[in-house]
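K.L.:
Contents of final-v4.txt (compact mmCIF, C-alpha atoms) are below:
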```
# COMPACT_ATOMS: atom_id res chain seq x y z
CA MET A 1 239.55 41.37 -10.34
CA ARG A 2 240.18 44.74 -8.68
CA PHE A 3 239.17 45.79 -5.18
CA ARG A 4 237.95 49.21 -4.14
CA ASP A 5 239.93 49.10 -0.90
CA ARG A 6 241.14 46.66 1.77
CA ARG A 7 237.77 46.54 3.52
CA GLN A 8 235.98 45.41 0.38
CA ALA A 9 238.72 42.87 -0.27
CA GLY A 10 238.33 41.66 3.30
CA ARG A 11 234.59 41.18 2.92
CA GLU A 12 235.06 39.11 -0.23
CA LEU A 13 237.77 37.03 1.40
CA ALA A 14 235.59 36.62 4.50
CA ALA A 15 232.74 35.27 2.39
CA ARG A 16 235.01 32.55 0.99
CA LEU A 17 236.26 31.63 4.45
CA ARG A 18 232.78 31.66 5.92
CA GLU A 19 231.80 28.99 3.39
CA ARG A 20 234.63 26.84 4.74
CA GLN A 21 233.52 27.52 8.29
CA ASP A 22 229.89 26.62 7.57
CA ALA A 23 231.12 23.33 6.09
CA GLY A 24 233.01 22.56 9.31
CA GLY A 25 236.45 23.34 7.93
CA LEU A 26 237.46 26.12 10.33
CA PRO A 27 237.00 24.91 13.91
CA ASP A 28 238.16 27.25 16.71
CA PRO A 29 239.60 29.94 14.39
CA LEU A 30 242.19 32.53 15.36
CA VAL A 31 242.80 35.31 12.82
CA LEU A 32 246.31 36.79 12.70
CA ALA A 33 246.97 39.80 10.50
CA LEU A 34 250.29 40.86 9.01
CA PRO A 35 250.41 44.59 9.81
CA ARG A 36 249.86 47.07 8.74
CA GLY A 37 247.89 46.53 5.53
CA GLY A 38 246.70 43.07 6.44
CA VAL A 39 244.86 44.34 9.51
CA ALA A 40 242.09 46.07 7.54
CA VAL A 41 241.49 42.88 5.53
CA ALA A 42 241.71 40.62 8.57
CA ALA A 43 239.23 42.72 10.57
CA GLU A 44 236.49 41.83 8.09
CA VAL A 45 237.51 38.16 8.21
CA ALA A 46 237.48 38.06 12.02
CA GLU A 47 234.05 39.71 12.10
CA ALA A 48 232.57 37.19 9.67
CA LEU A 49 234.09 34.18 11.43
CA GLY A 50 233.30 35.40 14.95
CA ALA A 51 236.99 34.97 15.73
CA PRO A 52 239.50 36.97 17.77
CA LEU A 53 241.89 39.16 15.81
CA ASP A 54 245.53 39.76 16.61
CA VAL A 55 248.72 40.60 14.76
CA LEU A 56 251.83 38.73 13.77
CA VAL A 57 254.48 41.35 13.12
CA VAL A 58 256.84 40.57 10.26
CA ARG A 59 259.96 42.55 9.40
CA LYS A 60 261.84 42.49 6.14
CA VAL A 61 265.61 41.96 6.23
CA GLY A 62 267.18 44.19 3.60
CA ALA A 63 270.58 43.97 1.98
CA PRO A 64 273.28 46.14 3.61
CA ARG A 65 273.27 49.64 2.11
CA HIS A 66 270.27 48.61 -0.04
CA GLU A 67 267.59 48.12 2.58
CA GLU A 68 264.74 48.32 0.09
CA TYR A 69 265.96 45.06 -1.45
CA GLY A 70 264.51 42.37 0.79
CA ILE A 71 266.61 39.22 1.06
CA GLY A 72 264.87 37.78 4.12
CA ALA A 73 262.20 38.28 6.74
CA MET A 74 261.40 37.40 10.34
CA ALA A 75 258.18 37.02 12.30
CA GLY A 76 257.46 36.85 16.01
CA ASP A 77 260.36 35.19 17.80
CA GLY A 78 261.09 32.91 14.84
CA VAL A 79 264.48 32.67 13.18
CA PRO A 80 264.99 34.80 10.06
CA VAL A 81 264.08 33.19 6.74
CA PHE A 82 266.51 34.12 3.97
CA ASP A 83 266.44 33.95 0.19
CA GLU A 84 269.49 31.75 -0.28
CA ASP A 85 269.74 32.55 -3.99
CA ALA A 86 269.83 36.27 -3.20
CA LEU A 87 272.51 35.74 -0.54
CA ARG A 88 274.70 33.86 -3.00
CA GLY A 89 274.12 36.44 -5.71
CA LEU A 90 275.23 39.25 -3.40
CA GLY A 91 278.11 37.28 -1.93
CA LEU A 92 276.67 37.56 1.58
CA THR A 93 276.47 35.16 4.49
CA ARG A 94 273.97 35.07 7.34
CA ASP A 95 276.68 36.36 9.66
CA ASP A 96 277.10 39.42 7.41
CA LEU A 97 273.46 40.25 8.07
CA ALA A 98 273.61 39.92 11.85
CA PRO A 99 273.57 43.72 12.47
CA VAL A 100 270.57 44.14 10.15
CA VAL A 101 268.75 41.25 11.83
CA GLU A 102 269.41 42.74 15.29
CA ARG A 103 268.07 46.14 14.22
CA GLU A 104 264.96 44.69 12.63
CA ARG A 105 264.36 42.43 15.63
CA THR A 106 264.39 45.50 17.88
CA GLU A 107 261.83 47.23 15.65
CA LEU A 108 259.72 44.06 15.51
CA VAL A 109 259.57 43.89 19.31
CA ARG A 110 258.71 47.61 19.51
CA ARG A 111 255.81 47.21 17.10
CA GLU A 112 254.51 44.09 18.82
CA ARG A 113 254.44 45.95 22.13
CA LEU A 114 252.68 48.89 20.51
CA TYR A 115 250.03 46.83 18.78
CA ARG A 116 249.47 44.31 21.56
CA GLN A 117 249.14 46.92 24.33
CA GLY A 118 250.04 44.48 27.08
CA ARG A 119 247.94 41.58 25.79
CA PRO A 120 249.68 38.21 25.86
CA VAL A 121 250.78 36.66 22.59
CA PRO A 122 247.90 34.43 21.43
CA ASP A 123 248.53 30.72 21.72
CA PRO A 124 247.89 28.97 18.37
CA ARG A 125 248.41 25.47 19.75
CA GLY A 126 245.59 23.18 18.63
CA ARG A 127 243.68 25.99 16.88
CA THR A 128 242.84 26.77 13.27
CA VAL A 129 245.05 29.78 12.53
CA VAL A 130 244.13 32.01 9.59
CA VAL A 131 247.00 34.30 8.57
CA VAL A 132 245.71 37.26 6.55
CA ASP A 133 247.50 39.87 4.46
CA ASP A 134 246.32 42.30 1.79
CA GLY A 135 248.22 40.41 -0.90
CA LEU A 136 251.05 38.03 -1.66
CA ALA A 137 253.88 39.01 -4.01
CA THR A 138 257.15 37.10 -3.56
CA GLY A 139 255.92 35.47 -0.36
CA SER A 140 259.06 36.16 1.71
CA THR A 141 257.26 37.83 4.62
CA ALA A 142 254.40 35.33 4.58
CA ARG A 143 256.89 32.46 4.61
CA ALA A 144 258.52 33.83 7.74
CA ALA A 145 255.09 34.16 9.33
CA VAL A 146 253.88 30.65 8.60
CA ARG A 147 257.17 29.06 9.64
CA ALA A 148 257.13 30.90 12.96
CA LEU A 149 253.56 29.75 13.54
CA ARG A 150 254.17 26.18 12.44
CA ALA A 151 256.76 25.86 15.20
CA ARG A 152 254.00 26.64 17.72
CA ASP A 153 251.88 23.64 16.72
CA PRO A 154 248.56 24.93 15.36
CA ALA A 155 246.02 22.27 14.42
CA ARG A 156 245.65 23.83 10.97
CA LEU A 157 247.46 26.73 9.31
CA ILE A 158 245.72 28.69 6.56
CA LEU A 159 247.11 31.63 4.59
CA ALA A 160 244.37 33.82 3.12
CA VAL A 161 244.83 36.82 0.80
CA PRO A 162 242.62 38.65 -1.69
CA VAL A 163 245.24 38.56 -4.45
CA ALA A 164 248.50 36.69 -5.03
CA SER A 165 251.10 36.29 -7.70
CA PRO A 166 250.97 32.78 -9.16
CA GLU A 167 254.65 32.31 -8.25
CA GLY A 168 254.17 33.47 -4.68
CA ALA A 169 251.13 31.25 -4.19
CA ALA A 170 252.93 28.23 -5.63
CA ALA A 171 255.89 28.79 -3.32
CA LEU A 172 253.73 29.10 -0.18
CA ARG A 173 251.22 26.29 -0.75
CA PRO A 174 253.61 23.55 0.43
CA GLU A 175 254.20 25.49 3.67
CA THR A 176 250.52 25.77 4.62
CA ASP A 177 247.62 23.42 5.15
CA ASP A 178 245.58 25.60 2.81
CA LEU A 179 246.24 28.74 0.80
CA ILE A 180 243.22 30.79 -0.21
CA ALA A 181 243.71 33.53 -2.81
CA LEU A 182 240.64 35.01 -4.47
CA HIS A 183 242.66 36.00 -7.54
CA GLU A 184 246.01 34.87 -8.96
CA PRO A 185 246.42 37.15 -11.99
CA ALA A 186 249.11 36.23 -14.47
CA ALA A 187 250.05 39.87 -15.06
CA PHE A 188 251.01 40.49 -11.43
CA MET A 189 253.52 43.24 -10.68
CA ALA A 190 252.59 44.53 -7.21
CA VAL A 191 249.84 44.06 -4.63
CA GLY A 192 248.75 47.71 -4.83
CA GLN A 193 248.08 47.30 -8.55
CA TRP A 194 244.85 45.45 -7.68
CA TYR A 195 243.39 48.11 -5.37
CA ASP A 196 241.80 51.45 -6.25
CA GLU A 197 242.72 52.76 -2.77
CA PHE A 198 245.90 51.43 -1.21
CA ASP A 199 247.01 54.01 1.34
CA GLN A 200 249.21 52.89 4.22
CA LEU A 201 247.32 52.25 7.46
CA THR A 202 248.34 54.27 10.48
CA ASP A 203 249.25 52.75 13.83
CA GLU A 204 246.07 54.30 15.24
CA GLU A 205 243.94 52.50 12.64
CA VAL A 206 245.66 49.22 13.45
CA LEU A 207 245.03 49.67 17.17
CA GLY A 208 241.41 50.59 16.58
CA ALA A 209 240.77 47.44 14.55
CA LEU A 210 242.43 45.26 17.17
CA ARG A 211 240.46 46.80 20.03
CA ALA A 212 237.22 46.18 18.16
CA HIS A 213 237.87 42.46 17.75
CA GLN A 214 239.18 41.32 21.10
CA PRO A 215 237.27 38.54 22.90
```
Go ahead and render the structure in this file as structure tokens.
P.N.:
Amino acid sequence: MRFRDRRQAGRELAARLRERQDAGGLPDPLVLALPRGGVAVAAEVAEALGAPLDVLVVRKVGAPRHEEYGIGAMAGDGVPVFDEDALRGLGLTRDDLAPVVERERTELVRRERLYRQGRPVPDPRGRTVVVVDDGLATGSTARAAVRALRARDPARLILAVPVASPEGAAALRPETDDLIALHEPAAFMAVGQWYDEFDQLTDEEVLGALRAHQP
């Protein structure tokens, strides 16, 4: 159930998706990666499907003074998605988080400009959109991604990951048309636990993968 690295995980995920494509289940696919780690996985998927590859930048919204504790996320130009239980537990409102949201929105736009290099945002309308990440833990960032995409009217919205926590997968299935996870181990603690090599990708590696898979 372990992967050597993201590329191997991507090839295994691509094989599963290619079966769906050969059966007619993935017409007109567009592959969108959640950077940075998802790009290496998604590059293998895009290659196997003969599909264009682009990114959907997602930013975590952390609690004030405890930014490592994610209580929400945002993707593209979509509205932030918050963990309402976490907000109540911390005694916070959405208005309290406005400065954090503004800062993360600025960083999101900066990264989109960097990764897209002047390319227009891909239009998912009427297409089969495959959102790819290197794993799914709580699902907060993926939820922000799929909700932002759903608002743009894709024909079909698929979330595909090599490994997912059972809880994260269960939470995201109702928000997608299909969720594909090669493994859903019960003893899930972190995505990196299921990879032998799990180094952070650089911006240069992300840009290289995107350049290689443009139409």
K.L.:
Suppose you want the space between atom CA of Arg103 of chain A and atom CA of Val61 of chain A; what is it in Å?
P.N.:
9.3 Å
K.L.:
Find the residues around Val58 of chain A up to 9 Å (all atoms listed in the file counted), leave out those fewer than 2 positions away in its own chain, and share them as a list in words.
P.N.:
Leu34, Pro35, Leu56, Lys60, Ala73, Met74, Ala75, Gly76, Leu108, Thr141, Ala142, Ala144 and Ala145 of chain A
K.L.:
Name all residues at most 9 Å from segment 14-26 of chain A (count only C-alpha atoms; drop same-chain ones fewer than 5 positions away) and give them as a ChimeraX atom specification.
P.N.:
/A:9,41-42,44-49,128-130,156,160,180,182
K.L.:
I need every residue sitting at most 6 Å from the point (242.6, 42.1, -2.0) (coordinates as in the file, only C-alpha atoms considered), written as a VMD selection string.
P.N.:
chain A and resid 3 9 134 to 135 162 to 163
K.L.:
From the list A:Leu87, A:Leu172, A:Ala187, A:Val109, which residue is nearest Pro64 of chain A when using only C-alpha atoms?
P.N.:
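With only C-alpha atoms as the atom set, the closest residue is A:Leu87.
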K.L.:
Just to confirm, what's the straight-line distance from atom CA of Glu68 of chain A to atom CA of Glu175 of chain A in Å (one decimal)?
P.N.:
25.4 Å
K.L.:
So how many Å separate atom CA of Arg6 of chain A and atom CA of Val191 of chain A, to one decimal?
P.N.:
11.1 Å
K.L.:
Tell me which of A:Val132, A:Arg7, A:Ala63, A:His183 sits closest to Arg94 of chain A, counting all atoms listed in the file.
P.N.:
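That would be A:Ala63, the residue with the smallest distance to Arg94 of chain A.
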K.L.:
Of the candidates A:Gly168, A:Gly10, A:Pro52, A:Pro174, which shows the shortest atom-to-atom distance to Gly38 of chain A, using only C-alpha atoms?
P.N.:
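Using only C-alpha atoms, the shortest distance to Gly38 of chain A belongs to A:Gly10.
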K.L.:
Contacts of Val55 of chain A at 10 Å or less, counting all atoms listed in the file, minus same-chain residues fewer than 4 places along, as an MDAnalysis selection string?
P.N.:
chainID A and resid 31:36 38:39 42 76 111:112 115:116 121:122 131:132 206 210
K.L.:
Counting all atoms listed in the file, which of A:Pro99, A:Gly118, A:Asp203, A:Ser140 gets nearest to Gly70 of chain A?
P.N.:
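Selected residue with least distance to Gly70 of chain A: A:Ser140.
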K.L.:
Have a look at A:Glu84, A:Asp133, A:Asp28, A:Asp95 and name the one nearest to Ala155 of chain A; count all atoms listed in the file.
P.N.:
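Once distances to Ala155 of chain A are computed over all atoms listed in the file, the minimum belongs to A:Asp28.
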K.L.:
Just checking: using only C-alpha atoms, which residue out of A:Ala98, A:Leu90, A:Ala170, A:Met189 ends up closest to Ala137 of chain A?
P.N.:
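For Ala137 of chain A, the nearest of the candidates is A:Met189.
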K.L.:
Mind completing segment 125-147 of chain A with N, CA, C and O atoms? Output as a PDB file, in the frame of the given file, please?
P.N.:
```
ATOM      1  N   ARG A 125     248.340  26.921  19.598  1.00  0.00           N
ATOM      2  CA  ARG A 125     248.410  25.470  19.750  1.00  0.00           C
ATOM      3  C   ARG A 125     247.009  24.852  19.688  1.00  0.00           C
ATOM      4  O   ARG A 125     246.103  25.206  20.427  1.00  0.00           O
ATOM      5  N   GLY A 126     246.848  23.903  18.753  1.00  0.00           N
ATOM      6  CA  GLY A 126     245.590  23.180  18.630  1.00  0.00           C
ATOM      7  C   GLY A 126     244.469  23.951  17.968  1.00  0.00           C
ATOM      8  O   GLY A 126     243.354  23.438  17.860  1.00  0.00           O
ATOM      9  N   ARG A 127     244.732  25.166  17.482  1.00  0.00           N
ATOM     10  CA  ARG A 127     243.680  25.990  16.880  1.00  0.00           C
ATOM     11  C   ARG A 127     243.832  26.034  15.357  1.00  0.00           C
ATOM     12  O   ARG A 127     244.891  25.726  14.802  1.00  0.00           O
ATOM     13  N   THR A 128     242.763  26.460  14.692  1.00  0.00           N
ATOM     14  CA  THR A 128     242.840  26.770  13.270  1.00  0.00           C
ATOM     15  C   THR A 128     243.294  28.212  13.146  1.00  0.00           C
ATOM     16  O   THR A 128     242.566  29.133  13.522  1.00  0.00           O
ATOM     17  N   VAL A 129     244.489  28.436  12.649  1.00  0.00           N
ATOM     18  CA  VAL A 129     245.050  29.780  12.530  1.00  0.00           C
ATOM     19  C   VAL A 129     244.924  30.248  11.089  1.00  0.00           C
ATOM     20  O   VAL A 129     245.379  29.561  10.163  1.00  0.00           O
ATOM     21  N   VAL A 130     244.293  31.405  10.915  1.00  0.00           N
ATOM     22  CA  VAL A 130     244.130  32.010   9.590  1.00  0.00           C
ATOM     23  C   VAL A 130     245.016  33.244   9.532  1.00  0.00           C
ATOM     24  O   VAL A 130     244.753  34.238  10.209  1.00  0.00           O
ATOM     25  N   VAL A 131     246.085  33.171   8.753  1.00  0.00           N
ATOM     26  CA  VAL A 131     247.000  34.300   8.570  1.00  0.00           C
ATOM     27  C   VAL A 131     246.497  35.113   7.372  1.00  0.00           C
ATOM     28  O   VAL A 131     246.291  34.560   6.284  1.00  0.00           O
ATOM     29  N   VAL A 132     246.309  36.405   7.581  1.00  0.00           N
ATOM     30  CA  VAL A 132     245.710  37.260   6.550  1.00  0.00           C
ATOM     31  C   VAL A 132     246.635  38.420   6.221  1.00  0.00           C
ATOM     32  O   VAL A 132     247.170  39.082   7.112  1.00  0.00           O
ATOM     33  N   ASP A 133     246.806  38.672   4.930  1.00  0.00           N
ATOM     34  CA  ASP A 133     247.500  39.870   4.460  1.00  0.00           C
ATOM     35  C   ASP A 133     246.686  40.464   3.313  1.00  0.00           C
ATOM     36  O   ASP A 133     245.731  39.842   2.826  1.00  0.00           O
ATOM     37  N   ASP A 134     247.076  41.661   2.877  1.00  0.00           N
ATOM     38  CA  ASP A 134     246.320  42.300   1.790  1.00  0.00           C
ATOM     39  C   ASP A 134     246.751  41.796   0.424  1.00  0.00           C
ATOM     40  O   ASP A 134     246.129  42.120  -0.591  1.00  0.00           O
ATOM     41  N   GLY A 135     247.794  40.991   0.361  1.00  0.00           N
ATOM     42  CA  GLY A 135     248.220  40.410  -0.900  1.00  0.00           C
ATOM     43  C   GLY A 135     249.512  39.651  -0.712  1.00  0.00           C
ATOM     44  O   GLY A 135     250.188  39.761   0.318  1.00  0.00           O
ATOM     45  N   LEU A 136     249.855  38.873  -1.712  1.00  0.00           N
ATOM     46  CA  LEU A 136     251.050  38.030  -1.660  1.00  0.00           C
ATOM     47  C   LEU A 136     251.826  38.243  -2.953  1.00  0.00           C
ATOM     48  O   LEU A 136     251.326  37.948  -4.038  1.00  0.00           O
ATOM     49  N   ALA A 137     253.039  38.786  -2.827  1.00  0.00           N
ATOM     50  CA  ALA A 137     253.880  39.010  -4.010  1.00  0.00           C
ATOM     51  C   ALA A 137     254.931  37.904  -4.090  1.00  0.00           C
ATOM     52  O   ALA A 137     254.664  36.823  -4.577  1.00  0.00           O
ATOM     53  N   THR A 138     256.118  38.142  -3.537  1.00  0.00           N
ATOM     54  CA  THR A 138     257.150  37.100  -3.560  1.00  0.00           C
ATOM     55  C   THR A 138     256.894  36.040  -2.503  1.00  0.00           C
ATOM     56  O   THR A 138     257.344  34.897  -2.636  1.00  0.00           O
ATOM     57  N   GLY A 139     256.223  36.419  -1.421  1.00  0.00           N
ATOM     58  CA  GLY A 139     255.920  35.470  -0.360  1.00  0.00           C
ATOM     59  C   GLY A 139     256.967  35.399   0.742  1.00  0.00           C
ATOM     60  O   GLY A 139     256.836  34.585   1.657  1.00  0.00           O
ATOM     61  N   SER A 140     257.981  36.266   0.719  1.00  0.00           N
ATOM     62  CA  SER A 140     259.060  36.160   1.710  1.00  0.00           C
ATOM     63  C   SER A 140     258.554  36.468   3.123  1.00  0.00           C
ATOM     64  O   SER A 140     258.899  35.752   4.080  1.00  0.00           O
ATOM     65  N   THR A 141     257.747  37.502   3.281  1.00  0.00           N
ATOM     66  CA  THR A 141     257.260  37.830   4.620  1.00  0.00           C
ATOM     67  C   THR A 141     256.242  36.798   5.091  1.00  0.00           C
ATOM     68  O   THR A 141     256.241  36.397   6.260  1.00  0.00           O
ATOM     69  N   ALA A 142     255.374  36.348   4.200  1.00  0.00           N
ATOM     70  CA  ALA A 142     254.400  35.330   4.580  1.00  0.00           C
ATOM     71  C   ALA A 142     255.089  34.026   4.958  1.00  0.00           C
ATOM     72  O   ALA A 142     254.644  33.323   5.875  1.00  0.00           O
ATOM     73  N   ARG A 143     256.164  33.687   4.282  1.00  0.00           N
ATOM     74  CA  ARG A 143     256.890  32.460   4.610  1.00  0.00           C
ATOM     75  C   ARG A 143     257.456  32.532   6.018  1.00  0.00           C
ATOM     76  O   ARG A 143     257.375  31.556   6.781  1.00  0.00           O
ATOM     77  N   ALA A 144     258.011  33.677   6.379  1.00  0.00           N
ATOM     78  CA  ALA A 144     258.520  33.830   7.740  1.00  0.00           C
ATOM     79  C   ALA A 144     257.393  33.690   8.748  1.00  0.00           C
ATOM     80  O   ALA A 144     257.562  33.086   9.813  1.00  0.00           O
ATOM     81  N   ALA A 145     256.230  34.229   8.421  1.00  0.00           N
ATOM     82  CA  ALA A 145     255.090  34.160   9.330  1.00  0.00           C
ATOM     83  C   ALA A 145     254.616  32.727   9.535  1.00  0.00           C
ATOM     84  O   ALA A 145     254.416  32.279  10.671  1.00  0.00           O
ATOM     85  N   VAL A 146     254.429  31.994   8.456  1.00  0.00           N
ATOM     86  CA  VAL A 146     253.880  30.650   8.600  1.00  0.00           C
ATOM     87  C   VAL A 146     254.887  29.699   9.243  1.00  0.00           C
ATOM     88  O   VAL A 146     254.505  28.796   9.998  1.00  0.00           O
ATOM     89  N   ARG A 147     256.176  29.917   8.998  1.00  0.00           N
ATOM     90  CA  ARG A 147     257.170  29.060   9.640  1.00  0.00           C
ATOM     91  C   ARG A 147     257.238  29.316  11.140  1.00  0.00           C
ATOM     92  O   ARG A 147     257.375  28.389  11.944  1.00  0.00           O
TER      93      ARG A 147
END
```
